[in-house]
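Printed here is coords.cif (mmCIF, C-alpha atoms (C1' of nucleotides)):
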```cif
data_upload
loop_
_atom_site.label_atom_id
_atom_site.label_comp_id
_atom_site.auth_asym_id
_atom_site.auth_seq_id
_atom_site.Cartn_x
_atom_site.Cartn_y
_atom_site.Cartn_z
CA MET A 1 43.24 129.74 35.45
CA THR A 2 43.88 126.62 37.48
CA ILE A 3 41.19 124.42 36.09
CA GLN A 4 42.41 121.19 34.70
CA THR A 5 44.99 120.88 37.42
CA GLU A 6 42.92 120.48 40.54
CA SER A 7 41.57 122.68 43.30
CA PRO A 8 41.34 126.37 42.47
CA PRO A 9 41.75 127.23 46.11
CA SER A 10 41.85 130.98 46.65
CA ASP A 11 41.39 132.81 43.41
CA ASP A 12 43.14 136.11 43.65
CA ALA A 13 40.02 138.01 42.68
CA PRO A 14 37.07 138.05 45.04
CA LYS A 15 34.24 136.61 43.03
CA ALA A 16 31.19 138.80 43.08
CA CYS A 17 28.71 136.09 42.33
CA ARG A 18 26.61 133.64 44.25
CA PRO A 19 28.23 130.28 44.97
CA ALA A 20 26.06 128.45 42.48
CA ASP A 21 27.07 130.93 39.82
CA CYS A 22 30.73 130.42 40.56
CA LEU A 23 30.28 126.67 40.38
CA ALA A 24 28.51 126.88 37.08
CA GLU A 25 30.97 129.37 35.66
CA ASP A 26 33.70 127.03 36.69
CA TRP A 27 32.07 124.10 34.96
CA LEU A 28 31.35 126.15 31.92
CA SER A 29 34.95 127.18 31.68
CA PHE A 30 35.97 123.61 32.07
CA LEU A 31 33.62 122.36 29.40
CA GLY A 32 34.55 125.17 27.10
CA HIS A 33 38.17 124.26 27.43
CA ARG A 34 39.19 122.85 24.13
CA TRP A 35 38.43 119.14 23.66
CA ASN A 36 36.83 118.58 27.05
CA ALA A 37 33.23 118.68 25.96
CA LEU A 38 33.96 116.84 22.76
CA ALA A 39 35.80 114.10 24.59
CA LEU A 40 32.94 113.74 27.01
CA TRP A 41 30.55 113.59 24.11
CA GLN A 42 32.54 110.86 22.41
CA LEU A 43 32.39 108.80 25.56
CA THR A 44 28.62 108.98 25.78
CA ALA A 45 28.57 106.37 23.03
CA GLY A 46 30.56 103.95 25.14
CA PRO A 47 34.03 103.36 26.59
CA LEU A 48 37.02 104.21 24.48
CA ARG A 49 40.70 103.57 24.72
CA PHE A 50 43.34 106.26 24.63
CA THR A 51 44.15 105.78 20.99
CA GLU A 52 40.53 105.56 19.98
CA LEU A 53 39.82 108.79 21.76
CA GLN A 54 42.78 110.35 20.06
CA ALA A 55 41.48 109.22 16.69
CA ALA A 56 38.04 110.59 17.49
CA LEU A 57 39.49 113.97 18.34
CA PRO A 58 41.22 115.04 15.15
CA ARG A 59 44.58 116.74 15.59
CA ILE A 60 44.74 116.45 19.33
CA THR A 61 48.20 115.68 20.60
CA PRO A 62 48.83 112.98 23.20
CA LYS A 63 50.03 115.53 25.67
CA VAL A 64 46.84 117.52 25.52
CA LEU A 65 44.66 114.44 25.47
CA THR A 66 46.42 113.24 28.57
CA GLU A 67 45.74 116.54 30.27
CA ARG A 68 42.11 116.63 29.27
CA VAL A 69 41.41 113.06 30.22
CA ALA A 70 43.09 113.65 33.55
CA GLY A 71 40.86 116.64 34.11
CA LEU A 72 37.76 114.67 33.29
CA VAL A 73 38.82 111.96 35.70
CA ALA A 74 39.76 114.45 38.40
CA ARG A 75 36.31 115.97 38.20
CA GLY A 76 34.68 112.62 38.53
CA LEU A 77 33.12 112.62 35.10
CA VAL A 78 35.18 109.82 33.66
CA LEU A 79 36.47 106.55 34.99
CA ARG A 80 39.79 105.09 34.02
CA SER A 81 40.43 101.38 34.04
CA GLU A 82 43.71 99.76 33.23
CA SER A 83 44.61 96.18 32.52
CA ASN A 84 47.97 95.15 33.79
CA HIS A 85 49.02 92.77 31.09
CA TYR A 86 51.24 93.73 28.22
CA PRO A 87 50.73 95.71 26.15
CA ARG A 88 48.65 97.59 28.60
CA GLU A 89 45.18 98.57 27.73
CA VAL A 90 43.53 101.60 29.25
CA SER A 91 39.87 102.30 28.83
CA TYR A 92 37.89 105.41 29.63
CA SER A 93 34.19 105.50 30.35
CA LEU A 94 31.67 107.90 31.77
CA SER A 95 30.84 107.86 35.44
CA PRO A 96 27.18 108.21 36.46
CA ARG A 97 27.91 111.85 37.09
CA GLY A 98 29.42 112.16 33.66
CA ARG A 99 26.35 110.60 32.12
CA ALA A 100 24.14 113.07 33.96
CA LEU A 101 26.17 115.89 32.53
CA GLY A 102 25.98 114.27 29.14
CA ARG A 103 22.22 114.52 29.29
CA ILE A 104 22.44 118.23 29.88
CA LEU A 105 24.82 118.59 27.00
CA LEU A 106 22.22 116.82 24.93
CA ASP A 107 19.79 119.64 25.68
CA LEU A 108 22.40 122.04 24.47
CA TYR A 109 22.84 120.01 21.32
CA ASP A 110 19.10 120.12 20.72
CA TRP A 111 19.04 123.82 21.34
CA ALA A 112 21.94 124.37 18.97
CA GLU A 113 20.28 122.31 16.28
CA ALA A 114 16.97 124.10 16.60
CA ASP A 115 18.89 127.33 16.59
CA ALA A 116 20.63 126.41 13.36
CA ALA A 117 17.41 125.18 11.80
CA ALA A 118 15.45 128.35 12.44
CA PRO A 119 17.65 131.35 11.90
CA MET B 120 40.34 129.16 17.21
CA THR B 121 38.37 131.82 15.43
CA ILE B 122 35.29 131.78 17.56
CA GLN B 123 34.36 135.06 19.09
CA THR B 124 35.44 136.93 16.01
CA GLU B 125 32.94 135.77 13.43
CA SER B 126 32.81 133.13 10.74
CA PRO B 127 35.17 130.20 11.22
CA PRO B 128 35.12 129.65 7.48
CA SER B 129 37.12 126.64 6.47
CA ASP B 130 38.74 125.12 9.47
CA ASP B 131 41.99 123.62 8.33
CA ALA B 132 41.16 120.32 9.97
CA PRO B 133 38.32 118.24 8.60
CA LYS B 134 35.99 117.77 11.52
CA ALA B 135 35.25 114.15 12.20
CA CYS B 136 31.96 114.70 13.93
CA ARG B 137 28.34 115.02 13.00
CA PRO B 138 27.12 118.52 12.26
CA ALA B 139 25.14 118.75 15.46
CA ASP B 140 28.23 117.81 17.41
CA CYS B 141 30.25 120.50 15.71
CA LEU B 142 27.56 123.05 16.44
CA ALA B 143 27.42 122.09 20.06
CA GLU B 144 31.17 122.03 20.39
CA ASP B 145 31.24 125.45 18.90
CA TRP B 146 28.69 126.75 21.36
CA LEU B 147 30.43 125.10 24.24
CA SER B 148 33.67 126.73 23.28
CA PHE B 149 31.92 130.02 23.00
CA LEU B 150 30.25 129.71 26.37
CA GLY B 151 33.43 128.54 27.97
CA HIS B 152 35.23 131.54 26.69
CA ARG B 153 35.95 133.68 29.65
CA TRP B 154 33.13 136.04 30.70
CA ASN B 155 30.68 134.95 28.02
CA ALA B 156 28.57 132.65 30.12
CA LEU B 157 28.78 134.90 33.14
CA ALA B 158 27.70 137.91 31.13
CA LEU B 159 24.78 135.97 29.73
CA TRP B 160 23.88 134.89 33.21
CA GLN B 161 23.94 138.44 34.53
CA LEU B 162 21.55 139.46 31.79
CA THR B 163 19.01 136.80 32.70
CA ALA B 164 18.05 139.05 35.60
CA GLY B 165 17.19 141.88 33.25
CA PRO B 166 18.74 144.44 30.91
CA LEU B 167 21.99 146.05 31.89
CA ARG B 168 24.02 148.94 30.61
CA PHE B 169 27.65 148.74 29.65
CA THR B 170 28.93 150.08 32.91
CA GLU B 171 26.59 147.97 34.96
CA LEU B 172 27.76 144.90 33.15
CA GLN B 173 31.32 145.93 33.73
CA ALA B 174 30.63 146.32 37.42
CA ALA B 175 28.94 142.93 37.54
CA LEU B 176 31.94 141.26 35.96
CA PRO B 177 34.77 141.99 38.35
CA ARG B 178 38.10 142.84 36.77
CA ILE B 179 36.90 142.74 33.21
CA THR B 180 38.40 145.49 31.08
CA PRO B 181 36.30 147.60 28.72
CA LYS B 182 38.16 146.21 25.76
CA VAL B 183 37.34 142.64 26.61
CA LEU B 184 33.79 143.46 27.62
CA THR B 185 33.32 145.12 24.25
CA GLU B 186 34.55 142.01 22.51
CA ARG B 187 32.41 139.64 24.54
CA VAL B 188 29.27 141.68 24.22
CA ALA B 189 29.84 141.95 20.48
CA GLY B 190 30.13 138.20 20.31
CA LEU B 191 26.91 137.71 22.23
CA VAL B 192 25.14 140.11 19.93
CA ALA B 193 26.65 138.55 16.82
CA ARG B 194 25.34 135.17 17.88
CA GLY B 195 21.89 136.52 18.41
CA LEU B 196 21.82 135.91 22.13
CA VAL B 197 21.80 139.53 23.18
CA LEU B 198 20.11 142.63 21.86
CA ARG B 199 21.69 146.03 21.93
CA SER B 200 19.59 149.17 22.10
CA GLU B 201 20.97 152.66 22.04
CA SER B 202 19.37 155.95 22.78
CA ASN B 203 20.65 158.81 20.69
CA HIS B 204 20.48 161.61 23.21
CA TYR B 205 23.40 162.77 25.25
CA PRO B 206 24.94 161.27 27.21
CA ARG B 207 24.19 158.19 25.25
CA GLU B 208 22.74 155.23 26.96
CA VAL B 209 23.25 151.72 25.66
CA SER B 210 21.36 148.82 27.09
CA TYR B 211 21.88 145.11 26.62
CA SER B 212 19.21 142.50 27.05
CA LEU B 213 18.65 138.87 26.21
CA SER B 214 16.98 137.89 22.98
CA PRO B 215 14.38 135.09 23.10
CA ARG B 216 17.12 132.80 21.89
CA GLY B 217 19.38 134.01 24.65
CA ARG B 218 16.67 133.33 27.20
CA ALA B 219 16.24 129.82 25.85
CA LEU B 220 19.92 129.23 26.29
CA GLY B 221 19.71 130.73 29.74
CA ARG B 222 17.22 128.05 30.70
CA ILE B 223 19.64 125.36 29.66
CA LEU B 224 22.38 126.99 31.64
CA LEU B 225 20.03 126.86 34.57
CA ASP B 226 19.96 123.08 34.27
CA LEU B 227 23.71 123.13 34.36
CA TYR B 228 23.61 125.28 37.46
CA ASP B 229 21.27 122.82 39.13
CA TRP B 230 23.47 119.94 38.13
CA ALA B 231 26.55 121.70 39.45
CA GLU B 232 24.84 122.44 42.73
CA ALA B 233 23.64 118.90 43.17
CA ASP B 234 27.09 117.74 42.26
CA ALA B 235 28.66 119.93 44.90
CA ALA B 236 26.10 118.90 47.47
CA ALA B 237 26.61 115.17 47.05
CA PRO B 238 30.26 114.42 46.59
"C1'" DC C 239 50.06 100.96 23.61
"C1'" DC C 240 49.85 104.80 26.69
"C1'" DG C 241 51.57 108.20 27.97
"C1'" DA C 242 55.78 111.71 30.09
"C1'" DA C 243 59.27 115.28 29.26
"C1'" DT C 244 60.78 119.39 26.69
"C1'" DC C 245 60.55 123.17 24.14
"C1'" DC C 246 58.18 126.78 21.74
"C1'" DT C 247 54.78 130.13 19.97
"C1'" DA C 248 50.28 132.37 19.14
"C1'" DC C 249 46.67 134.13 20.90
"C1'" DA C 250 43.61 135.49 24.50
"C1'" DT C 251 43.65 138.41 28.22
"C1'" DG C 252 45.01 142.62 30.72
"C1'" DA C 253 46.71 147.44 31.88
"C1'" DT C 254 46.52 151.99 30.59
"C1'" DA C 255 45.30 156.00 28.27
"C1'" DC C 256 42.35 158.49 25.25
"C1'" DT C 257 37.95 160.06 22.53
"C1'" DG C 258 32.97 161.06 20.35
"C1'" DC D 259 28.78 157.08 29.06
"C1'" DA D 260 30.42 153.81 26.08
"C1'" DG D 261 33.55 152.55 24.05
"C1'" DT D 262 38.53 152.63 20.93
"C1'" DA D 263 43.68 152.44 20.59
"C1'" DT D 264 48.14 150.66 22.03
"C1'" DC D 265 51.10 148.01 24.27
"C1'" DA D 266 52.51 144.25 27.29
"C1'" DT D 267 52.24 139.26 28.97
"C1'" DG D 268 50.96 134.56 30.59
"C1'" DT D 269 49.67 130.53 29.48
"C1'" DA D 270 47.11 127.24 26.89
"C1'" DG D 271 47.95 124.60 23.27
"C1'" DG D 272 50.86 122.25 19.97
"C1'" DA D 273 55.26 119.77 17.87
"C1'" DT D 274 58.41 116.56 18.80
"C1'" DT D 275 60.80 113.09 21.02
"C1'" DC D 276 61.54 109.53 24.45
"C1'" DG D 277 60.22 105.80 27.92
"C1'" DG D 278 57.78 101.78 30.78
#
```

Show how you would write the structure in this file as structure tokens.
Amino acid sequence: MTIQTESPPSDDAPKACRPADCLAEDWLSFLGHRWNALALWQLTAGPLRFTELQAALPRITPKVLTERVAGLVARGLVLRSESNHYPREVSYSLSPRGRALGRILLDLYDWAEADAAAP
Amino acid sequence: MTIQTESPPSDDAPKACRPADCLAEDWLSFLGHRWNALALWQLTAGPLRFTELQAALPRITPKVLTERVAGLVARGLVLRSESNHYPREVSYSLSPRGRALGRILLDLYDWAEADAAAP
DNA sequence: CCGAATCCTACATGATACTG
DNA sequence: CAGTATCATGTAGGATTCGG
């Protein structure tokens, strides 16, 4: 399922859903992909560096974190800024679009909390 | 990641996030799991029977559909009603909780659409 | 410090056939 | 009709190591 790579051009299967549904399903898959949503959530508190993000995401390996962060950047949710002095210092922060999505996630968090509170 | 099965009892890794975050991450993983969100979405239009759901979810196999639907029911998002005459007729519909979640997904759909419209 | 390059394995997903 | 039962497989995810 070519998601974190880039464009899922022609999926083999003809999707029997309206475009908006496909879009949303795509995003949902992306967010459900392990670490993606959590990483995004961590960044809502402010910019973080690679190592900080790694520390915030227990047991994630650098390889996977690299992939996930690349996906978030590729989808325009996260911005990457790099200083060119040594040792280099890379910082990740939410784009406006990422913040907008973060607000929606917040609704989900509220829903989940209410759900847990009133079973 | 024991998610669609049932209780993820004691995750080996100590989660370094607030409870609400863990809950949300859990839900996000669940929703991102293939077919789950799409199945939920299909049911927002009204109750569907097993075969109808299968038809609405192209290329899903009965085995997987069974698993997914069981997960949705186990999480209290979907209700299952069965008639006991022959041939038997099972119908799936959203619970109030499922509908509430559906509304949040709708926000995500809107966001995704707006996102696609204004790149 | 921030990754890239390999290698490897478990699990989620699928295909197919069968049954109450 | 609404599922189970097997079997097969691809790939996401992880462990480890190395490099700019």

- Task: Could you give me, as a PyMOL selection string, the residues within 10 Å of segment 33-41 of chain A, counting only C-alpha atoms (C1' of nucleotides) and dropping anything in the same chain fewer than 2 positions from it?
- Result: (chain A and resi 3-4+27-31+43-46+48+53-54+56-58+60+64-65+67-69+71-72+77-78+93-94+98-99+101-103+105-106) or (chain B and resi 120+136+140-141+143-145+147-153) or (chain D and resi 270-271)

- Message: Which residues, named as in the file, does the PyMOL selection byres ((chain B) within 9 of (chain D)) pick out? Answer as a VMD selection string.
- Response: chain B and resid 169 to 170 181 to 182 185 205 to 209

- Message: Taking only C-alpha atoms (C1' of nucleotides) into account, find every residue of chain C that has an atom no more than 9 Å from chain B, and write it out as a ChimeraX atom specification.
- Response: /C:249,251-253

After superposing chain A onto chain B (least squares, all C-alpha atoms, pairing by order), export the transformed chain as a PDB file with C-alpha atoms, in the frame of the given file.
```
ATOM      1  CA  MET A   1      40.088 129.838  16.992  1.00  0.00           C
ATOM      2  CA  THR A   2      37.879 132.322  15.199  1.00  0.00           C
ATOM      3  CA  ILE A   3      34.958 132.349  17.538  1.00  0.00           C
ATOM      4  CA  GLN A   4      34.057 135.719  18.836  1.00  0.00           C
ATOM      5  CA  THR A   5      34.856 137.316  15.525  1.00  0.00           C
ATOM      6  CA  GLU A   6      32.266 135.862  13.211  1.00  0.00           C
ATOM      7  CA  SER A   7      32.002 133.000  10.757  1.00  0.00           C
ATOM      8  CA  PRO A   8      34.528 130.216  11.230  1.00  0.00           C
ATOM      9  CA  PRO A   9      34.340 129.401   7.562  1.00  0.00           C
ATOM     10  CA  SER A  10      36.742 126.621   6.630  1.00  0.00           C
ATOM     11  CA  ASP A  11      38.566 125.361   9.654  1.00  0.00           C
ATOM     12  CA  ASP A  12      41.896 124.041   8.569  1.00  0.00           C
ATOM     13  CA  ALA A  13      41.277 120.693  10.211  1.00  0.00           C
ATOM     14  CA  PRO A  14      38.589 118.425   8.831  1.00  0.00           C
ATOM     15  CA  LYS A  15      36.253 117.872  11.723  1.00  0.00           C
ATOM     16  CA  ALA A  16      35.583 114.230  12.345  1.00  0.00           C
ATOM     17  CA  CYS A  17      32.285 114.694  14.067  1.00  0.00           C
ATOM     18  CA  ARG A  18      28.658 114.887  13.115  1.00  0.00           C
ATOM     19  CA  PRO A  19      27.343 118.357  12.303  1.00  0.00           C
ATOM     20  CA  ALA A  20      25.342 118.588  15.497  1.00  0.00           C
ATOM     21  CA  ASP A  21      28.447 117.745  17.470  1.00  0.00           C
ATOM     22  CA  CYS A  22      30.427 120.447  15.744  1.00  0.00           C
ATOM     23  CA  LEU A  23      27.680 122.951  16.436  1.00  0.00           C
ATOM     24  CA  ALA A  24      27.541 122.034  20.070  1.00  0.00           C
ATOM     25  CA  GLU A  25      31.300 121.988  20.438  1.00  0.00           C
ATOM     26  CA  ASP A  26      31.340 125.397  18.900  1.00  0.00           C
ATOM     27  CA  TRP A  27      28.764 126.706  21.327  1.00  0.00           C
ATOM     28  CA  LEU A  28      30.497 125.086  24.214  1.00  0.00           C
ATOM     29  CA  SER A  29      33.738 126.728  23.277  1.00  0.00           C
ATOM     30  CA  PHE A  30      31.963 129.999  22.977  1.00  0.00           C
ATOM     31  CA  LEU A  31      30.274 129.703  26.334  1.00  0.00           C
ATOM     32  CA  GLY A  32      33.440 128.519  27.955  1.00  0.00           C
ATOM     33  CA  HIS A  33      35.244 131.542  26.671  1.00  0.00           C
ATOM     34  CA  ARG A  34      35.959 133.667  29.653  1.00  0.00           C
ATOM     35  CA  TRP A  35      33.107 135.972  30.708  1.00  0.00           C
ATOM     36  CA  ASN A  36      30.658 134.913  28.016  1.00  0.00           C
ATOM     37  CA  ALA A  37      28.548 132.597  30.099  1.00  0.00           C
ATOM     38  CA  LEU A  38      28.748 134.837  33.116  1.00  0.00           C
ATOM     39  CA  ALA A  39      27.679 137.856  31.121  1.00  0.00           C
ATOM     40  CA  LEU A  40      24.770 135.937  29.700  1.00  0.00           C
ATOM     41  CA  TRP A  41      23.848 134.828  33.173  1.00  0.00           C
ATOM     42  CA  GLN A  42      23.900 138.374  34.487  1.00  0.00           C
ATOM     43  CA  LEU A  43      21.528 139.414  31.752  1.00  0.00           C
ATOM     44  CA  THR A  44      18.978 136.765  32.632  1.00  0.00           C
ATOM     45  CA  ALA A  45      17.999 139.005  35.531  1.00  0.00           C
ATOM     46  CA  GLY A  46      17.165 141.852  33.192  1.00  0.00           C
ATOM     47  CA  PRO A  47      18.758 144.400  30.855  1.00  0.00           C
ATOM     48  CA  LEU A  48      21.993 146.004  31.893  1.00  0.00           C
ATOM     49  CA  ARG A  49      24.043 148.878  30.650  1.00  0.00           C
ATOM     50  CA  PHE A  50      27.679 148.638  29.680  1.00  0.00           C
ATOM     51  CA  THR A  51      28.963 149.977  32.950  1.00  0.00           C
ATOM     52  CA  GLU A  52      26.603 147.875  34.997  1.00  0.00           C
ATOM     53  CA  LEU A  53      27.746 144.794  33.179  1.00  0.00           C
ATOM     54  CA  GLN A  54      31.314 145.801  33.762  1.00  0.00           C
ATOM     55  CA  ALA A  55      30.630 146.196  37.464  1.00  0.00           C
ATOM     56  CA  ALA A  56      28.932 142.811  37.573  1.00  0.00           C
ATOM     57  CA  LEU A  57      31.933 141.159  35.988  1.00  0.00           C
ATOM     58  CA  PRO A  58      34.752 141.901  38.399  1.00  0.00           C
ATOM     59  CA  ARG A  59      38.077 142.805  36.817  1.00  0.00           C
ATOM     60  CA  ILE A  60      36.924 142.664  33.246  1.00  0.00           C
ATOM     61  CA  THR A  61      38.442 145.362  31.102  1.00  0.00           C
ATOM     62  CA  PRO A  62      36.342 147.458  28.727  1.00  0.00           C
ATOM     63  CA  LYS A  63      38.155 146.056  25.763  1.00  0.00           C
ATOM     64  CA  VAL A  64      37.313 142.494  26.637  1.00  0.00           C
ATOM     65  CA  LEU A  65      33.777 143.344  27.645  1.00  0.00           C
ATOM     66  CA  THR A  66      33.310 145.013  24.306  1.00  0.00           C
ATOM     67  CA  GLU A  67      34.542 141.909  22.548  1.00  0.00           C
ATOM     68  CA  ARG A  68      32.379 139.569  24.556  1.00  0.00           C
ATOM     69  CA  VAL A  69      29.255 141.636  24.230  1.00  0.00           C
ATOM     70  CA  ALA A  70      29.854 141.897  20.511  1.00  0.00           C
ATOM     71  CA  GLY A  71      30.136 138.140  20.324  1.00  0.00           C
ATOM     72  CA  LEU A  72      26.920 137.655  22.219  1.00  0.00           C
ATOM     73  CA  VAL A  73      25.165 140.066  19.899  1.00  0.00           C
ATOM     74  CA  ALA A  74      26.694 138.508  16.799  1.00  0.00           C
ATOM     75  CA  ARG A  75      25.374 135.129  17.845  1.00  0.00           C
ATOM     76  CA  GLY A  76      21.931 136.495  18.359  1.00  0.00           C
ATOM     77  CA  LEU A  77      21.835 135.888  22.076  1.00  0.00           C
ATOM     78  CA  VAL A  78      21.813 139.501  23.129  1.00  0.00           C
ATOM     79  CA  LEU A  79      20.155 142.611  21.826  1.00  0.00           C
ATOM     80  CA  ARG A  80      21.760 146.004  21.923  1.00  0.00           C
ATOM     81  CA  SER A  81      19.735 149.173  22.101  1.00  0.00           C
ATOM     82  CA  GLU A  82      21.160 152.639  22.074  1.00  0.00           C
ATOM     83  CA  SER A  83      19.610 155.973  22.856  1.00  0.00           C
ATOM     84  CA  ASN A  84      20.886 158.798  20.768  1.00  0.00           C
ATOM     85  CA  HIS A  85      20.806 161.587  23.272  1.00  0.00           C
ATOM     86  CA  TYR A  86      23.800 162.695  25.246  1.00  0.00           C
ATOM     87  CA  PRO A  87      25.354 161.146  27.158  1.00  0.00           C
ATOM     88  CA  ARG A  88      24.461 158.078  25.246  1.00  0.00           C
ATOM     89  CA  GLU A  89      22.962 155.169  26.991  1.00  0.00           C
ATOM     90  CA  VAL A  90      23.396 151.647  25.718  1.00  0.00           C
ATOM     91  CA  SER A  91      21.450 148.764  27.120  1.00  0.00           C
ATOM     92  CA  TYR A  92      21.915 145.054  26.619  1.00  0.00           C
ATOM     93  CA  SER A  93      19.211 142.457  27.014  1.00  0.00           C
ATOM     94  CA  LEU A  94      18.654 138.840  26.156  1.00  0.00           C
ATOM     95  CA  SER A  95      17.003 137.869  22.917  1.00  0.00           C
ATOM     96  CA  PRO A  96      14.413 135.068  22.988  1.00  0.00           C
ATOM     97  CA  ARG A  97      17.152 132.775  21.797  1.00  0.00           C
ATOM     98  CA  GLY A  98      19.384 133.965  24.580  1.00  0.00           C
ATOM     99  CA  ARG A  99      16.668 133.284  27.108  1.00  0.00           C
ATOM    100  CA  ALA A 100      16.252 129.768  25.753  1.00  0.00           C
ATOM    101  CA  LEU A 101      19.935 129.195  26.222  1.00  0.00           C
ATOM    102  CA  GLY A 102      19.700 130.688  29.667  1.00  0.00           C
ATOM    103  CA  ARG A 103      17.223 128.002  30.604  1.00  0.00           C
ATOM    104  CA  ILE A 104      19.668 125.326  29.594  1.00  0.00           C
ATOM    105  CA  LEU A 105      22.377 126.985  31.593  1.00  0.00           C
ATOM    106  CA  LEU A 106      19.998 126.836  34.508  1.00  0.00           C
ATOM    107  CA  ASP A 107      19.974 123.049  34.217  1.00  0.00           C
ATOM    108  CA  LEU A 108      23.717 123.143  34.350  1.00  0.00           C
ATOM    109  CA  TYR A 109      23.576 125.326  37.425  1.00  0.00           C
ATOM    110  CA  ASP A 110      21.236 122.850  39.083  1.00  0.00           C
ATOM    111  CA  TRP A 111      23.471 119.992  38.128  1.00  0.00           C
ATOM    112  CA  ALA A 112      26.519 121.791  39.470  1.00  0.00           C
ATOM    113  CA  GLU A 113      24.776 122.553  42.727  1.00  0.00           C
ATOM    114  CA  ALA A 114      23.583 119.003  43.211  1.00  0.00           C
ATOM    115  CA  ASP A 115      27.056 117.877  42.321  1.00  0.00           C
ATOM    116  CA  ALA A 116      28.574 120.106  44.974  1.00  0.00           C
ATOM    117  CA  ALA A 117      25.978 119.084  47.530  1.00  0.00           C
ATOM    118  CA  ALA A 118      26.543 115.363  47.169  1.00  0.00           C
ATOM    119  CA  PRO A 119      30.209 114.658  46.724  1.00  0.00           C
TER     120      PRO A 119
END
```

Put the listed atoms of segment 165-174 of chain B in a box along x, y and z with 6 Å added on every side and give me the centre and edge lengths in Å to one decimal, as lines of an AutoDock Vina configuration file.
```
center_x = 24.3
center_y = 146.0
center_z = 33.5
size_x = 26.1
size_y = 20.2
size_z = 19.8
```

- In Å, how far is it from atom CA of Leu108 of chain A to atom CA of Arg168 of chain B? 27.6 Å

- Item | Atomic distance atom C1' of DA242 of chain C - atom CA of Glu82 of chain A, expressed in Å with one decimal | 17.3 Å

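Of the listed residues B:Ala189, B:Ala236, B:Ala231, B:Ala174, the one whose atoms come nearest to chain A is B:Ala231, with distances taken using only C-alpha atoms.
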
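Atom CA of Glu232 of chain B lies 25.6 Å from atom CA of Pro215 of chain B.
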
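Of the residues listed (A:His85, A:Pro47, A:Ser91, A:Ala118), A:Ala118 shows the shortest atom-to-atom separation from chain B; distances use all atoms listed in the file.
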